[in-house]
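Chemist: Input structure: my_file_22.csv, which contains CSV, C-alpha atoms.
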chain,number,residue,atom,x,y,z
A,1,MET,CA,0.0,0.0,0.0
A,2,GLY,CA,2.7,2.5,1.0
A,3,LEU,CA,1.4,6.0,1.7
A,4,THR,CA,-2.2,7.0,1.2
A,5,ARG,CA,-2.9,9.6,-1.5
A,6,GLU,CA,-3.5,12.2,1.2
A,7,GLN,CA,-0.2,11.4,3.0
A,8,TYR,CA,1.7,11.5,-0.3
A,9,ASN,CA,0.1,14.9,-1.2
A,10,ARG,CA,0.9,16.2,2.2
A,11,ILE,CA,4.6,15.4,1.7
A,12,MET,CA,4.6,16.9,-1.8
A,13,ARG,CA,3.2,20.1,-0.3
A,14,VAL,CA,6.2,20.1,2.1
A,15,TYR,CA,8.5,20.0,-0.8
A,16,GLN,CA,6.6,22.7,-2.6
A,17,ASP,CA,6.9,25.0,0.4
A,18,ARG,CA,10.6,24.3,0.6
A,19,ARG,CA,11.1,25.2,-3.0
A,20,ILE,CA,9.1,28.4,-2.6
A,21,ASN,CA,11.0,29.4,0.5
A,22,ALA,CA,14.3,28.7,-1.2
A,23,GLN,CA,13.3,30.9,-4.1
A,24,HIS,CA,12.2,33.7,-1.8
A,25,ASP,CA,15.4,33.5,0.1
A,26,MET,CA,17.5,33.7,-3.1
A,27,GLU,CA,15.5,36.8,-4.2
A,28,LYS,CA,16.1,38.5,-0.9
A,29,ARG,CA,19.9,37.9,-1.2
A,30,GLN,CA,19.7,39.0,-4.9
A,31,GLY,CA,18.1,42.4,-3.9
A,32,VAL,CA,20.8,43.1,-1.3
A,33,VAL,CA,23.6,42.3,-3.8
A,34,TYR,CA,22.1,44.3,-6.7
A,35,ASP,CA,21.8,47.3,-4.5
A,36,HIS,CA,25.4,46.9,-3.3
A,37,VAL,CA,27.0,46.0,-6.7
A,38,PRO,CA,24.9,47.2,-9.6
A,39,ALA,CA,27.3,45.7,-12.1
A,40,ILE,CA,26.3,42.2,-10.9
A,41,ARG,CA,22.6,43.2,-11.5
A,42,ASP,CA,23.6,44.2,-15.1
A,43,LEU,CA,25.4,41.0,-15.7
A,44,SER,CA,22.5,38.9,-14.4
A,45,TYR,CA,20.1,40.8,-16.7
A,46,ARG,CA,22.4,40.2,-19.7
A,47,ILE,CA,22.8,36.5,-18.9
A,48,SER,CA,19.0,36.2,-18.8
A,49,GLN,CA,18.6,37.9,-22.2
A,50,LEU,CA,21.2,35.6,-23.8
A,51,ALA,CA,19.6,32.5,-22.2
A,52,VAL,CA,16.3,33.4,-23.9
A,53,SER,CA,18.1,33.9,-27.2
A,54,ALA,CA,20.0,30.6,-26.9
A,55,ALA,CA,16.7,28.8,-26.2
A,56,GLU,CA,15.1,30.3,-29.3
A,57,ALA,CA,18.2,29.4,-31.4
A,58,GLN,CA,17.9,25.8,-30.1
A,59,ILE,CA,14.2,25.7,-31.1
A,60,ARG,CA,15.0,26.9,-34.6
A,61,SER,CA,17.8,24.2,-34.9
A,62,ASN,CA,20.5,26.9,-35.2
A,63,ALA,CA,23.1,24.9,-33.4
A,64,GLU,CA,26.0,27.3,-34.3
A,65,LEU,CA,24.2,30.3,-32.8
A,66,ALA,CA,23.1,28.4,-29.8
A,67,SER,CA,26.6,27.2,-29.1
A,68,LYS,CA,28.0,30.8,-29.5
A,69,LEU,CA,25.4,32.2,-27.1
A,70,LYS,CA,26.1,29.5,-24.5
A,71,LYS,CA,29.8,30.3,-24.6
A,72,GLU,CA,29.0,34.0,-24.0
A,73,ILE,CA,26.8,33.1,-21.1
A,74,ALA,CA,29.5,31.0,-19.6
A,75,GLY,CA,32.0,33.9,-19.8
A,76,LEU,CA,29.5,36.4,-18.2
A,77,SER,CA,28.7,33.9,-15.5
A,78,ASP,CA,32.4,33.6,-14.6
A,79,GLU,CA,32.7,37.4,-14.5
A,80,LYS,CA,29.6,37.5,-12.2
A,81,ARG,CA,31.1,34.9,-9.8
A,82,ARG,CA,34.4,36.9,-9.8
A,83,LEU,CA,32.6,40.1,-8.9
A,84,LEU,CA,30.6,38.4,-6.1
A,85,GLU,CA,33.8,37.1,-4.5
A,86,GLU,CA,35.6,40.5,-4.9
A,87,SER,CA,32.6,42.1,-3.2
A,88,GLY,CA,32.8,39.8,-0.2
A,89,TYR,CA,30.1,37.3,-1.2
A,90,GLY,CA,30.6,33.6,-2.1
A,91,ALA,CA,30.7,32.6,-5.7
A,92,ASP,CA,27.4,30.7,-5.2
A,93,TYR,CA,25.8,33.4,-3.1
A,94,LEU,CA,23.0,34.0,-5.7
A,95,ASP,CA,22.3,30.4,-6.3
A,96,ILE,CA,19.1,28.8,-4.9
A,97,HIS,CA,20.1,26.9,-1.8
A,98,TYR,CA,17.8,23.9,-1.3
A,99,GLU,CA,17.2,22.1,2.0
A,100,CYS,CA,18.3,19.0,0.1
A,101,GLU,CA,20.8,19.7,-2.6
A,102,SER,CA,20.7,16.1,-3.9
A,103,CYS,CA,17.1,16.3,-5.2
A,104,LYS,CA,16.6,20.1,-5.3
A,105,ASP,CA,13.7,19.7,-2.9
A,106,THR,CA,11.7,17.5,-5.3
A,107,GLY,CA,12.0,14.2,-3.4
A,108,TYR,CA,13.3,12.4,-6.3
A,109,ILE,CA,16.7,11.8,-8.0
A,110,GLY,CA,15.7,10.8,-11.5
A,111,ASN,CA,13.0,8.1,-10.9
A,112,GLU,CA,14.4,7.1,-7.5
A,113,LYS,CA,13.2,8.3,-4.1
A,114,CYS,CA,15.7,10.6,-2.4
A,115,GLY,CA,16.8,9.8,1.1
A,116,CYS,CA,15.0,12.9,2.4
A,117,LEU,CA,11.7,11.7,0.9
A,118,LYS,CA,12.1,8.3,2.6
A,119,LYS,CA,12.8,10.1,5.9
A,120,LEU,CA,9.7,12.2,5.5
A,121,GLU,CA,7.6,9.1,4.7
A,122,SER,CA,8.9,7.3,7.8
A,123,GLU,CA,8.2,10.3,10.0
A,124,LEU,CA,4.6,10.6,8.7
A,125,ILE,CA,4.0,6.9,9.1
A,126,TYR,CA,5.3,7.1,12.7
A,127,ALA,CA,2.9,9.9,13.4
A,128,ALA,CA,-0.1,8.1,11.8
A,129,SER,CA,0.6,4.8,13.6
A,130,GLY,CA,-0.6,6.0,17.0
A,131,LEU,CA,2.7,4.9,18.5
A,132,PRO,CA,5.3,7.6,18.0
A,133,VAL,CA,6.3,8.1,21.6
A,134,ILE,CA,6.2,4.6,22.9
A,135,LEU,CA,8.2,3.2,20.0
A,136,ARG,CA,11.2,5.2,21.3
A,137,LYS,CA,11.2,2.9,24.3
A,138,GLU,CA,9.7,-0.3,23.0
A,139,ASN,CA,11.7,-1.6,20.1
A,140,PHE,CA,14.1,-4.4,19.3
A,141,ALA,CA,17.1,-2.3,20.5
A,142,SER,CA,15.6,-2.3,24.0
A,143,PHE,CA,14.2,-5.8,24.0
A,144,ASP,CA,15.9,-7.8,26.8
A,145,LEU,CA,15.4,-11.5,27.1
A,146,SER,CA,17.0,-11.5,30.6
A,147,VAL,CA,13.7,-10.2,32.1
A,148,TYR,CA,12.2,-13.6,31.4
A,149,ASP,CA,12.6,-16.4,34.0
A,150,ASN,CA,15.3,-18.9,33.2
A,151,GLU,CA,15.0,-21.2,36.2
A,152,VAL,CA,11.6,-22.9,36.3
A,153,PRO,CA,10.4,-24.9,33.2
A,154,ILE,CA,7.0,-24.0,31.8
A,155,LYS,CA,4.6,-26.5,33.2
A,156,ARG,CA,2.2,-26.2,30.2
A,157,LEU,CA,5.0,-27.5,27.9
A,158,GLN,CA,6.2,-30.5,30.0
A,159,PRO,CA,7.0,-33.3,29.5
A,160,LYS,CA,7.4,-32.8,25.8
A,161,PHE,CA,9.5,-29.6,26.1
A,162,ASN,CA,11.7,-28.7,29.0
A,163,LEU,CA,11.9,-25.0,28.4
A,164,THR,CA,12.0,-22.0,30.7
A,165,GLN,CA,10.2,-18.8,29.9
A,166,ARG,CA,13.4,-17.3,28.6
A,167,SER,CA,14.5,-20.2,26.5
A,168,TYR,CA,11.0,-20.5,25.1
A,169,MET,CA,11.0,-16.9,24.0
A,170,ALA,CA,14.5,-17.2,22.6
A,171,ASN,CA,14.0,-20.4,20.6
A,172,MET,CA,10.3,-20.5,19.9
A,173,ILE,CA,9.0,-16.9,19.6
A,174,MET,CA,11.8,-14.6,18.5
A,175,PRO,CA,13.0,-16.6,15.5
A,176,ARG,CA,9.5,-16.5,14.0
A,177,VAL,CA,9.1,-12.8,14.8
A,178,LYS,CA,12.5,-12.1,13.2
A,179,ASN,CA,11.5,-14.0,10.1
A,180,PHE,CA,8.2,-12.1,9.9
A,181,VAL,CA,10.1,-8.8,10.0
A,182,ASP,CA,13.0,-9.8,7.7
A,183,GLU,CA,10.7,-11.1,5.0
A,184,PHE,CA,7.9,-8.4,5.2
A,185,ASP,CA,9.0,-6.8,2.0
A,186,THR,CA,9.1,-10.0,0.0
A,187,VAL,CA,6.4,-12.3,1.6
A,188,LYS,CA,3.1,-10.5,1.6
A,189,GLY,CA,0.1,-11.2,3.8
A,190,ARG,CA,1.7,-12.9,6.8
A,191,ASN,CA,-0.2,-12.6,10.0
A,192,ILE,CA,0.5,-13.2,13.7
A,193,LEU,CA,-1.8,-14.1,16.6
A,194,MET,CA,-0.2,-13.7,20.0
A,195,THR,CA,-2.1,-15.3,22.9
A,196,GLY,CA,-1.4,-15.6,26.6
A,197,PRO,CA,-1.8,-14.0,30.0
A,198,THR,CA,-1.4,-10.4,30.8
A,199,GLY,CA,2.1,-9.0,31.2
A,200,VAL,CA,4.2,-11.6,29.3
A,201,GLY,CA,5.4,-9.2,26.6
A,202,LYS,CA,2.8,-9.5,23.8
A,203,THR,CA,2.2,-5.7,23.5
A,204,PHE,CA,5.9,-4.9,23.9
A,205,LEU,CA,6.8,-7.3,21.1
A,206,SER,CA,4.0,-6.0,18.9
A,207,ASN,CA,5.5,-2.5,19.3
A,208,CYS,CA,9.0,-3.8,18.4
A,209,ILE,CA,7.6,-5.2,15.2
A,210,ALA,CA,5.7,-2.0,14.5
A,211,LYS,CA,8.9,0.1,14.7
A,212,ALA,CA,10.8,-2.3,12.5
A,213,ILE,CA,8.1,-2.3,9.8
A,214,ILE,CA,7.7,1.5,9.9
A,215,ASP,CA,11.5,1.8,9.5
A,216,LYS,CA,11.0,-0.1,6.2
A,217,CYS,CA,8.6,2.8,5.2
A,218,HIS,CA,5.4,0.7,5.4
A,219,THR,CA,2.2,2.0,6.8
A,220,VAL,CA,1.4,0.7,10.3
A,221,LEU,CA,-1.7,1.3,12.4
A,222,TYR,CA,-2.1,0.3,16.0
A,223,LEU,CA,-5.4,0.2,17.8
A,224,ASN,CA,-6.6,-1.6,20.9
A,225,ALA,CA,-9.7,-3.7,20.4
A,226,GLY,CA,-12.0,-1.2,22.1
A,227,GLU,CA,-10.8,1.6,19.9
A,228,LEU,CA,-11.2,-0.5,16.8
A,229,PHE,CA,-14.8,-1.6,17.4
A,230,ASP,CA,-15.7,2.0,18.5
A,231,LEU,CA,-14.5,3.3,15.2
A,232,LEU,CA,-16.3,0.6,13.2
A,233,SER,CA,-19.5,1.2,15.1
A,234,LYS,CA,-19.4,4.9,14.5
A,235,ASN,CA,-18.8,4.3,10.8
A,236,SER,CA,-21.7,1.9,10.6
A,237,PHE,CA,-24.3,3.9,12.5
A,238,SER,CA,-23.3,7.5,11.5
A,239,TYR,CA,-25.9,9.2,9.4
A,240,GLU,CA,-23.6,12.1,8.4
A,241,SER,CA,-20.6,12.2,6.2
A,242,ASP,CA,-17.4,12.3,8.2
A,243,GLU,CA,-14.2,12.5,6.0
A,244,VAL,CA,-11.9,12.0,9.0
A,245,LEU,CA,-13.7,8.9,10.2
A,246,SER,CA,-13.9,7.5,6.6
A,247,GLY,CA,-10.2,8.1,6.2
A,248,LYS,CA,-9.5,6.2,9.4
A,249,ILE,CA,-11.6,3.3,8.4
A,250,GLU,CA,-9.8,3.2,5.0
A,251,GLU,CA,-6.5,3.0,6.9
A,252,ILE,CA,-7.8,0.2,9.2
A,253,TYR,CA,-8.8,-1.9,6.1
A,254,ASP,CA,-5.8,-1.1,3.9
A,255,CYS,CA,-2.7,-0.2,5.9
A,256,ASP,CA,0.3,-2.5,5.3
A,257,LEU,CA,0.3,-3.7,8.9
A,258,LEU,CA,-2.7,-3.5,11.3
A,259,ILE,CA,-2.0,-4.2,15.0
A,260,ILE,CA,-5.1,-5.0,17.1
A,261,ASP,CA,-4.1,-5.2,20.8
A,262,ASP,CA,-6.1,-6.8,23.6
A,263,LEU,CA,-8.7,-8.6,21.6
A,264,GLY,CA,-11.2,-9.9,24.0
A,265,THR,CA,-11.2,-7.0,26.4
A,266,GLU,CA,-14.0,-5.2,24.5
A,267,LEU,CA,-17.7,-5.9,24.9
A,268,SER,CA,-18.3,-8.7,22.4
A,269,SER,CA,-21.5,-8.9,20.5
A,270,GLY,CA,-22.9,-10.2,17.2
A,271,PHE,CA,-21.9,-6.8,15.7
A,272,THR,CA,-18.3,-6.9,16.8
A,273,ASN,CA,-17.9,-10.5,15.7
A,274,SER,CA,-19.3,-9.7,12.2
A,275,LYS,CA,-17.1,-6.6,11.8
A,276,LEU,CA,-14.0,-8.5,12.9
A,277,PHE,CA,-14.7,-11.3,10.5
A,278,MET,CA,-15.2,-8.8,7.6
A,279,LEU,CA,-12.0,-7.0,8.5
A,280,ILE,CA,-9.9,-10.1,8.8
A,281,SER,CA,-11.3,-11.5,5.5
A,282,HIS,CA,-10.7,-8.3,3.7
A,283,ARG,CA,-7.1,-8.1,4.8
A,284,LEU,CA,-6.5,-11.8,4.0
A,285,LEU,CA,-8.0,-11.3,0.5
A,286,HIS,CA,-5.7,-8.4,-0.2
A,287,ASN,CA,-2.5,-9.9,1.3
A,288,LEU,CA,-2.3,-7.3,4.0
A,289,SER,CA,-0.6,-8.2,7.3
A,290,THR,CA,-2.3,-8.2,10.7
A,291,ILE,CA,-1.0,-8.8,14.2
A,292,ILE,CA,-3.5,-9.6,16.9
A,293,SER,CA,-2.8,-10.0,20.6
A,294,SER,CA,-5.2,-11.4,23.1
A,295,ASN,CA,-5.4,-12.7,26.6
A,296,LEU,CA,-7.7,-15.4,25.4
A,297,SER,CA,-6.5,-18.8,24.3
A,298,LEU,CA,-7.2,-19.9,20.7
A,299,ASN,CA,-10.0,-22.2,22.0
A,300,ASN,CA,-11.6,-19.3,24.0
A,301,ILE,CA,-11.4,-17.1,20.9
A,302,GLY,CA,-13.5,-19.7,19.1
A,303,SER,CA,-16.0,-19.7,21.9
A,304,VAL,CA,-16.3,-15.9,22.0
A,305,TYR,CA,-16.0,-15.0,18.3
A,306,GLY,CA,-17.2,-18.1,16.6
A,307,ASP,CA,-15.7,-20.9,14.5
A,308,ARG,CA,-15.3,-18.8,11.4
A,309,ILE,CA,-12.9,-16.4,13.0
A,310,ALA,CA,-11.0,-19.1,14.9
A,311,SER,CA,-10.5,-21.1,11.7
A,312,ARG,CA,-9.1,-18.0,10.0
A,313,PHE,CA,-6.6,-17.7,12.8
A,314,MET,CA,-5.6,-21.3,12.7
A,315,GLU,CA,-5.2,-21.4,8.9
A,316,ASN,CA,-3.8,-18.0,8.1
A,317,TYR,CA,-2.0,-16.8,11.2
A,318,ILE,CA,1.3,-17.6,12.8
A,319,ASN,CA,0.1,-18.7,16.2
A,320,LEU,CA,2.5,-17.6,19.0
A,321,PRO,CA,1.2,-18.6,22.5
A,322,PHE,CA,3.0,-16.9,25.4
A,323,TYR,CA,3.5,-18.5,28.8
A,324,GLY,CA,4.7,-17.5,32.2
A,325,ALA,CA,4.1,-15.1,35.0
A,326,ASP,CA,3.4,-11.4,34.7
A,327,LEU,CA,6.8,-9.7,34.2
A,328,ARG,CA,5.6,-6.5,35.8
A,329,LEU,CA,4.7,-8.3,39.0
A,330,LYS,CA,8.1,-9.9,39.0
A,331,GLY,CA,9.8,-6.5,38.5
A,332,GLY,CA,11.0,-7.3,35.1
A,333,LYS,CA,12.4,-4.3,33.2
A,334,ARG,CA,13.7,-3.9,29.7
A,335,LYS,CA,16.8,-1.9,29.0
Here is a file; write its structure as structure tokens.
Modeler:
Amino acid sequence: MGLTREQYNRIMRVYQDRRINAQHDMEKRQGVVYDHVPAIRDLSYRISQLAVSAAEAQIRSNAELASKLKKEIAGLSDEKRRLLEESGYGADYLDIHYECESCKDTGYIGNEKCGCLKKLESELIYAASGLPVILRKENFASFDLSVYDNEVPIKRLQPKFNLTQRSYMANMIMPRVKNFVDEFDTVKGRNILMTGPTGVGKTFLSNCIAKAIIDKCHTVLYLNAGELFDLLSKNSFSYESDEVLSGKIEEIYDCDLLIIDDLGTELSSGFTNSKLFMLISHRLLHNLSTIISSNLSLNNIGSVYGDRIASRFMENYINLPFYGADLRLKGGKRK
């Protein structure tokens, strides 16, 4: 999906403003120089006249005249730079100074996106995700496996697996999460369902994934389940046109990665179940990724939301069950 049309247009307006400001800044410097050194003004005027004549000669296919005029322009330009330096100005003082000289504040170098455009895209996606502040703290750089218990094996996994909470996270959860992030650009439509008790790191890990995907310049939207169903309800029962709400619903359905946190904490009903099924089906159909975290087990999800939704999760989602005690009650902290 990348940026929405409105997001892209917003960025292009930023570039337009930058070019306008650069032009105005150059014109101010030009006025000061022309008042101080009239000879430079006269040279600039003469260069402009010759440039028009050279363009006309080019159009008329008079290559000889065009070449002669270009040489004259080059000579006058050298004289102009010399006068600028002698008058205490830099040789490029009257050039337009762009914020990004690489792309001249257009966002593109040829047909390729400039680094400044990618940076603006990333900043805009961060702001739109709903997570700009928390992602500074909750990301893979601050993820610390040492907060997980490494002494007591997880009872739920015995006797088949003799894994502590830390070894389970390191060997069963993190490799699959890393694979999801690493292949996001090439393998479309992968989804993750994180289940398990409160405080075992589901939301933290979702945020880590969100930052990594945003850094790849993909659109990410985070909503807890209550916010999601409130927006879907307002959109369904509103009798007035609301462009802001409509735009948000479009993002929910079509962003590259949708994160739904705490599924099961909202008041479930036939309406919420129907809307969730429609949303999940739409995103599966269009190969758009979704991450859902829930305190409910997969079996309980089936009981609350119905077999249709549970089957979607079993067939189309990477199921990551979390185990262990609440890290916050144990005093676990991440770097």
Chemist: What's around Asp105 (chain A) at 7 Å? Count only C-alpha atoms, leave out sequence neighbours fewer than 2 positions away in its own chain, and write the answer as a ChimeraX atom specification.
Modeler: /A:15,18-19,98-100,103,107
Chemist: So that I can see what lies close to region 247-264 of chain A, please list as a list in words the residues with an atom at most 6 Å from it, counting all atoms listed in the file and leaving out residues fewer than 4 positions away in the same chain.
Modeler: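 Counting only the stated atoms, we get Met1, Thr219, Val220, Leu221, Tyr222, Leu223, Asn224, Ala225, Glu243, Leu288, Ser289, Thr290, Ile291, Ile292, Ser293 and Ser294 of chain A.
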Chemist: Near Ser67 (chain A), within 10 Å and counting only C-alpha atoms, which residues show up once chain neighbours fewer than 6 positions away are dropped, as a ChimeraX atom specification?
Modeler: /A:54,57-58,73
Chemist: Given the choices A:Leu117, A:Leu245, A:Leu205, A:Met174, which gets closest to Leu135 (chain A) if the distance is worked out from all atoms listed in the file?
Modeler: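 The shortest atom-to-atom distance to Leu135 (chain A) comes from A:Leu205.
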Chemist: I'd like to know which of A:Met26, A:Ala66, A:Ala170, A:Ile109 is closest to Leu94 (chain A), using all atoms listed in the file.
Modeler: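 Using all atoms listed in the file, Leu94 (chain A) sits closest to A:Met26.
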Chemist: From the options A:Arg46, A:Ile96, A:Glu138, A:Arg10, which residue's atoms come nearest to Arg29 (chain A), counting only C-alpha atoms?
Modeler: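 Smallest distance to Arg29 (chain A) is found for A:Ile96.
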Chemist: Record the distance separating CA of Ile318 (chain A) and CA of Val187 (chain A), expressed in Å with one decimal.
Modeler: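 Interatomic distance, CA of Ile318 (chain A) to CA of Val187 (chain A): 13.4 Å.
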Chemist: Please measure the separation of CA of Ser129 (chain A) and CA of Leu279 (chain A), giving the value in Å to one decimal.
Modeler: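 Rounded to one decimal, the two atoms are 18.0 Å apart.
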Chemist: From the options A:His282, A:Lys80, A:Glu266, A:Lys155, which residue's atoms come nearest to Gly226 (chain A), counting only C-alpha atoms?
Modeler: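 Of all the options, A:Glu266 lies closest to Gly226 (chain A).
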Chemist: Smallest atom-to-atom distance to Leu65 (chain A): which of A:Leu84, A:Ala22, A:Phe204, A:Ala51, using all atoms listed in the file?
Modeler: A:Ala51
Chemist: Report, in Å with one decimal, the straight-line distance from CA of Leu157 (chain A) to CA of Ser142 (chain A).
Modeler: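 Distance reported for this atom pair: 27.6 Å.
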Chemist: Got a sec: who's within 8 Å of Gln165 (chain A), counting all atoms listed in the file, leaving out chain neighbours fewer than 4 positions off, as a short mmCIF file (atom, residue, chain, number, x, y, z; two decimals) with C-alpha atoms, in the frame of the given file?
Modeler:
data_model
loop_
_atom_site.label_atom_id
_atom_site.label_comp_id
_atom_site.auth_asym_id
_atom_site.auth_seq_id
_atom_site.Cartn_x
_atom_site.Cartn_y
_atom_site.Cartn_z
CA TYR A 148 12.20 -13.60 31.40
CA ASP A 149 12.60 -16.40 34.00
CA ASN A 150 15.30 -18.90 33.20
CA VAL A 152 11.60 -22.90 36.30
CA PRO A 153 10.40 -24.90 33.20
CA ILE A 154 7.00 -24.00 31.80
CA MET A 169 11.00 -16.90 24.00
CA TYR A 323 3.50 -18.50 28.80
CA GLY A 324 4.70 -17.50 32.20
#
Chemist: Let me make sure I understand: among A:Leu50, A:Val14, A:Leu285, A:Val304, which one has the smallest atom-to-atom distance to Gly270 (chain A) if we use all atoms listed in the file?
Modeler: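 Ranked by minimum distance to Gly270 (chain A), first place goes to A:Val304.
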Chemist: Using only C-alpha atoms and a cutoff of 12 Å, can you tell me which residues are near (25.4, 36.9, -21.6) in the file's coordinates, and write them out as a list of chain:residue names?
Modeler: A:Ile40, A:Asp42, A:Leu43, A:Ser44, A:Tyr45, A:Arg46, A:Ile47, A:Ser48, A:Gln49, A:Leu50, A:Ala51, A:Val52, A:Ser53, A:Ala54, A:Lys68, A:Leu69, A:Lys70, A:Lys71, A:Glu72, A:Ile73, A:Ala74, A:Gly75, A:Leu76, A:Ser77, A:Asp78, A:Glu79, A:Lys80
Chemist: Those same residues - C-alpha atoms - I'd like them written as a PDB file, keeping the file's coordinate frame.
Modeler:
ATOM      1  CA  ILE A  40      26.300  42.200 -10.900  1.00  0.00           C
ATOM      2  CA  ASP A  42      23.600  44.200 -15.100  1.00  0.00           C
ATOM      3  CA  LEU A  43      25.400  41.000 -15.700  1.00  0.00           C
ATOM      4  CA  SER A  44      22.500  38.900 -14.400  1.00  0.00           C
ATOM      5  CA  TYR A  45      20.100  40.800 -16.700  1.00  0.00           C
ATOM      6  CA  ARG A  46      22.400  40.200 -19.700  1.00  0.00           C
ATOM      7  CA  ILE A  47      22.800  36.500 -18.900  1.00  0.00           C
ATOM      8  CA  SER A  48      19.000  36.200 -18.800  1.00  0.00           C
ATOM      9  CA  GLN A  49      18.600  37.900 -22.200  1.00  0.00           C
ATOM     10  CA  LEU A  50      21.200  35.600 -23.800  1.00  0.00           C
ATOM     11  CA  ALA A  51      19.600  32.500 -22.200  1.00  0.00           C
ATOM     12  CA  VAL A  52      16.300  33.400 -23.900  1.00  0.00           C
ATOM     13  CA  SER A  53      18.100  33.900 -27.200  1.00  0.00           C
ATOM     14  CA  ALA A  54      20.000  30.600 -26.900  1.00  0.00           C
ATOM     15  CA  LYS A  68      28.000  30.800 -29.500  1.00  0.00           C
ATOM     16  CA  LEU A  69      25.400  32.200 -27.100  1.00  0.00           C
ATOM     17  CA  LYS A  70      26.100  29.500 -24.500  1.00  0.00           C
ATOM     18  CA  LYS A  71      29.800  30.300 -24.600  1.00  0.00           C
ATOM     19  CA  GLU A  72      29.000  34.000 -24.000  1.00  0.00           C
ATOM     20  CA  ILE A  73      26.800  33.100 -21.100  1.00  0.00           C
ATOM     21  CA  ALA A  74      29.500  31.000 -19.600  1.00  0.00           C
ATOM     22  CA  GLY A  75      32.000  33.900 -19.800  1.00  0.00           C
ATOM     23  CA  LEU A  76      29.500  36.400 -18.200  1.00  0.00           C
ATOM     24  CA  SER A  77      28.700  33.900 -15.500  1.00  0.00           C
ATOM     25  CA  ASP A  78      32.400  33.600 -14.600  1.00  0.00           C
ATOM     26  CA  GLU A  79      32.700  37.400 -14.500  1.00  0.00           C
ATOM     27  CA  LYS A  80      29.600  37.500 -12.200  1.00  0.00           C
TER      28      LYS A  80
END
